[in-house]
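Asker: A single structure is presented below for examination.
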Amino acid sequence: MQSVSLLMFNRNENEGIIRNVKLLHSTVDEIVIIDSSDPEKYKQLKNSLKSFDVKLYRALPLGHLEPLLHYGISKTSSEYILKLDSDEEPSKELLKKK
């Protein structure tokens with residue numbers, strides 16, 4: 001069976017990350033979050049995700065996603081990767097396929 005990882009990048013936009021984790025945690029095989037938030041926002045995110053099986057990694061805020069993309073991909077272990085930013089959410093069609 002094919003496996004899918006959800007890969008998300010975050011910088012102080014916890015609400016979108018938490019929303020997507022709640023929507024997709026039962027659909028994907030693993031969730032990887034690369035977080036570049038300020039320390040307080042990181043703590044809030046970490047606490048909000050305690051009840052979910054999430055791999056949360058810290059990264060320097062570089063201002064661009066591209067340098068962190070390979071790092072994020074290297075932290076996944078699935079055959080396929082669904083990459084969502086914190087301001088994106090999955091389509092209704094994708095959610096129906098749970």
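By order in the structure tokens, chains are A, B, ...; within a chain, residues start at 1; ligands start at 1, following the order shown.
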Residues near Tyr42 of chain A, anyone? I mean within 12 Å using only C-alpha atoms, not counting same-chain ones fewer than 5 positions away, as a PDB file with N, CA and C atoms, in the first residue's frame.
Answerer:
ATOM      1  N   ASN A  10       5.892  26.386   8.612  1.00  0.00           N
ATOM      2  CA  ASN A  10       5.172  27.376   9.410  1.00  0.00           C
ATOM      3  C   ASN A  10       6.100  28.481   9.901  1.00  0.00           C
ATOM      4  N   ARG A  11       5.551  29.676   9.932  1.00  0.00           N
ATOM      5  CA  ARG A  11       6.198  30.838  10.549  1.00  0.00           C
ATOM      6  C   ARG A  11       5.096  31.671  11.193  1.00  0.00           C
ATOM      7  N   ASN A  12       4.823  31.389  12.456  1.00  0.00           N
ATOM      8  CA  ASN A  12       3.876  32.162  13.275  1.00  0.00           C
ATOM      9  C   ASN A  12       2.439  32.121  12.780  1.00  0.00           C
ATOM     10  N   GLU A  13       2.043  31.085  12.061  1.00  0.00           N
ATOM     11  CA  GLU A  13       0.667  30.953  11.590  1.00  0.00           C
ATOM     12  C   GLU A  13       0.082  29.632  12.086  1.00  0.00           C
ATOM     13  N   ASN A  14       0.042  29.492  13.400  1.00  0.00           N
ATOM     14  CA  ASN A  14      -0.349  28.225  14.025  1.00  0.00           C
ATOM     15  C   ASN A  14      -1.758  27.771  13.685  1.00  0.00           C
ATOM     16  N   GLU A  15      -2.671  28.682  13.522  1.00  0.00           N
ATOM     17  CA  GLU A  15      -4.068  28.306  13.307  1.00  0.00           C
ATOM     18  C   GLU A  15      -4.224  27.421  12.075  1.00  0.00           C
ATOM     19  N   ILE A  17      -1.915  25.568  10.599  1.00  0.00           N
ATOM     20  CA  ILE A  17      -1.233  24.288  10.817  1.00  0.00           C
ATOM     21  C   ILE A  17      -2.119  23.367  11.642  1.00  0.00           C
ATOM     22  N   ILE A  33       6.178  18.781  10.303  1.00  0.00           N
ATOM     23  CA  ILE A  33       6.060  20.237  10.317  1.00  0.00           C
ATOM     24  C   ILE A  33       7.443  20.830  10.532  1.00  0.00           C
ATOM     25  N   ILE A  34       7.829  21.740   9.647  1.00  0.00           N
ATOM     26  CA  ILE A  34       9.074  22.488   9.793  1.00  0.00           C
ATOM     27  C   ILE A  34       8.667  23.880  10.252  1.00  0.00           C
ATOM     28  N   ASP A  35       9.061  24.223  11.470  1.00  0.00           N
ATOM     29  CA  ASP A  35       8.576  25.454  12.100  1.00  0.00           C
ATOM     30  C   ASP A  35       9.708  26.461  12.284  1.00  0.00           C
ATOM     31  N   SER A  36       9.477  27.674  11.822  1.00  0.00           N
ATOM     32  CA  SER A  36      10.430  28.778  11.954  1.00  0.00           C
ATOM     33  C   SER A  36       9.838  29.915  12.789  1.00  0.00           C
ATOM     34  N   SER A  37       8.890  29.592  13.628  1.00  0.00           N
ATOM     35  CA  SER A  37       8.174  30.601  14.407  1.00  0.00           C
ATOM     36  C   SER A  37       9.032  31.190  15.510  1.00  0.00           C
ATOM     37  N   ASN A  47       2.367  22.679  22.088  1.00  0.00           N
ATOM     38  CA  ASN A  47       1.341  22.311  23.068  1.00  0.00           C
ATOM     39  C   ASN A  47       0.020  21.950  22.403  1.00  0.00           C
ATOM     40  N   SER A  48      -0.342  22.646  21.350  1.00  0.00           N
ATOM     41  CA  SER A  48      -1.601  22.389  20.654  1.00  0.00           C
ATOM     42  C   SER A  48      -1.599  21.052  19.924  1.00  0.00           C
ATOM     43  N   LEU A  49      -0.431  20.548  19.583  1.00  0.00           N
ATOM     44  CA  LEU A  49      -0.329  19.317  18.796  1.00  0.00           C
ATOM     45  C   LEU A  49       0.038  18.095  19.626  1.00  0.00           C
ATOM     46  N   LEU A  56       7.675  17.421  14.653  1.00  0.00           N
ATOM     47  CA  LEU A  56       7.824  18.873  14.628  1.00  0.00           C
ATOM     48  C   LEU A  56       9.299  19.220  14.723  1.00  0.00           C
ATOM     49  N   TYR A  57       9.820  19.913  13.707  1.00  0.00           N
ATOM     50  CA  TYR A  57      11.226  20.283  13.647  1.00  0.00           C
ATOM     51  C   TYR A  57      11.365  21.799  13.596  1.00  0.00           C
ATOM     52  N   ARG A  58      12.384  22.295  14.233  1.00  0.00           N
ATOM     53  CA  ARG A  58      12.686  23.732  14.214  1.00  0.00           C
ATOM     54  C   ARG A  58      13.634  24.037  13.066  1.00  0.00           C
ATOM     55  N   ALA A  59      13.499  25.232  12.512  1.00  0.00           N
ATOM     56  CA  ALA A  59      14.401  25.699  11.458  1.00  0.00           C
ATOM     57  C   ALA A  59      14.539  27.211  11.572  1.00  0.00           C
TER      58      ALA A  59
END
Asker: With only C-alpha atoms as the counted atoms, please give the residues lying no more than 12 Å from Ser51 of chain A, apart from itself and same-chain residues fewer than 6 positions off, as a PDB file with N, CA and C atoms, in the first residue's frame.
Answerer:
ATOM      1  N   ILE A  18      -2.662  23.889  12.726  1.00  0.00           N
ATOM      2  CA  ILE A  18      -3.525  23.087  13.606  1.00  0.00           C
ATOM      3  C   ILE A  18      -4.765  22.620  12.855  1.00  0.00           C
ATOM      4  N   VAL A  21      -3.752  19.766  10.505  1.00  0.00           N
ATOM      5  CA  VAL A  21      -3.455  18.539  11.254  1.00  0.00           C
ATOM      6  C   VAL A  21      -4.759  17.864  11.658  1.00  0.00           C
ATOM      7  N   LYS A  22      -5.703  18.635  12.166  1.00  0.00           N
ATOM      8  CA  LYS A  22      -6.995  18.061  12.569  1.00  0.00           C
ATOM      9  C   LYS A  22      -7.738  17.461  11.378  1.00  0.00           C
ATOM     10  N   HIS A  25      -5.064  14.266   9.882  1.00  0.00           N
ATOM     11  CA  HIS A  25      -4.293  13.302  10.680  1.00  0.00           C
ATOM     12  C   HIS A  25      -4.740  11.857  10.457  1.00  0.00           C
ATOM     13  N   LEU A  45       2.318  26.122  19.475  1.00  0.00           N
ATOM     14  CA  LEU A  45       2.060  25.085  18.461  1.00  0.00           C
ATOM     15  C   LEU A  45       2.362  23.703  19.022  1.00  0.00           C
TER      16      LEU A  45
END
Asker: In Å, with one decimal, what is the gap from atom CA of Glu93 of chain A to atom CA of Leu69 of chain A?
Answerer: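 These two atoms are separated by 25.9 Å.
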Asker: Extract the full set of strand (DSSP E) residues from chain A according to DSSP on the backbone, and format it as a VMD selection string.
Answerer: chain A and resid 4 to 10 30 to 35 55 to 58 80 to 85
Asker: From a DSSP calculation on the backbone, collect every residue of chain A in alpha helix (DSSP H) and output the set as a count of residues only.
Answerer: 35
Asker: Figure out the distance between atom CA of Thr27 of chain A and atom CA of Met1 of chain A, please, to one decimal in Å.
Answerer: 13.5 Å
Asker: Using only C-alpha atoms for the distances, tell me which of A:Val4, A:Leu24, A:Leu60, A:Val54 is nearest to Asp38 of chain A.
Answerer: A:Leu60
Asker: If I take atom CA of Gly63 of chain A and atom CA of Asp29 of chain A, how far is one from the other in Å, to one decimal?
Answerer: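 Those two atoms sit 28.8 Å apart.
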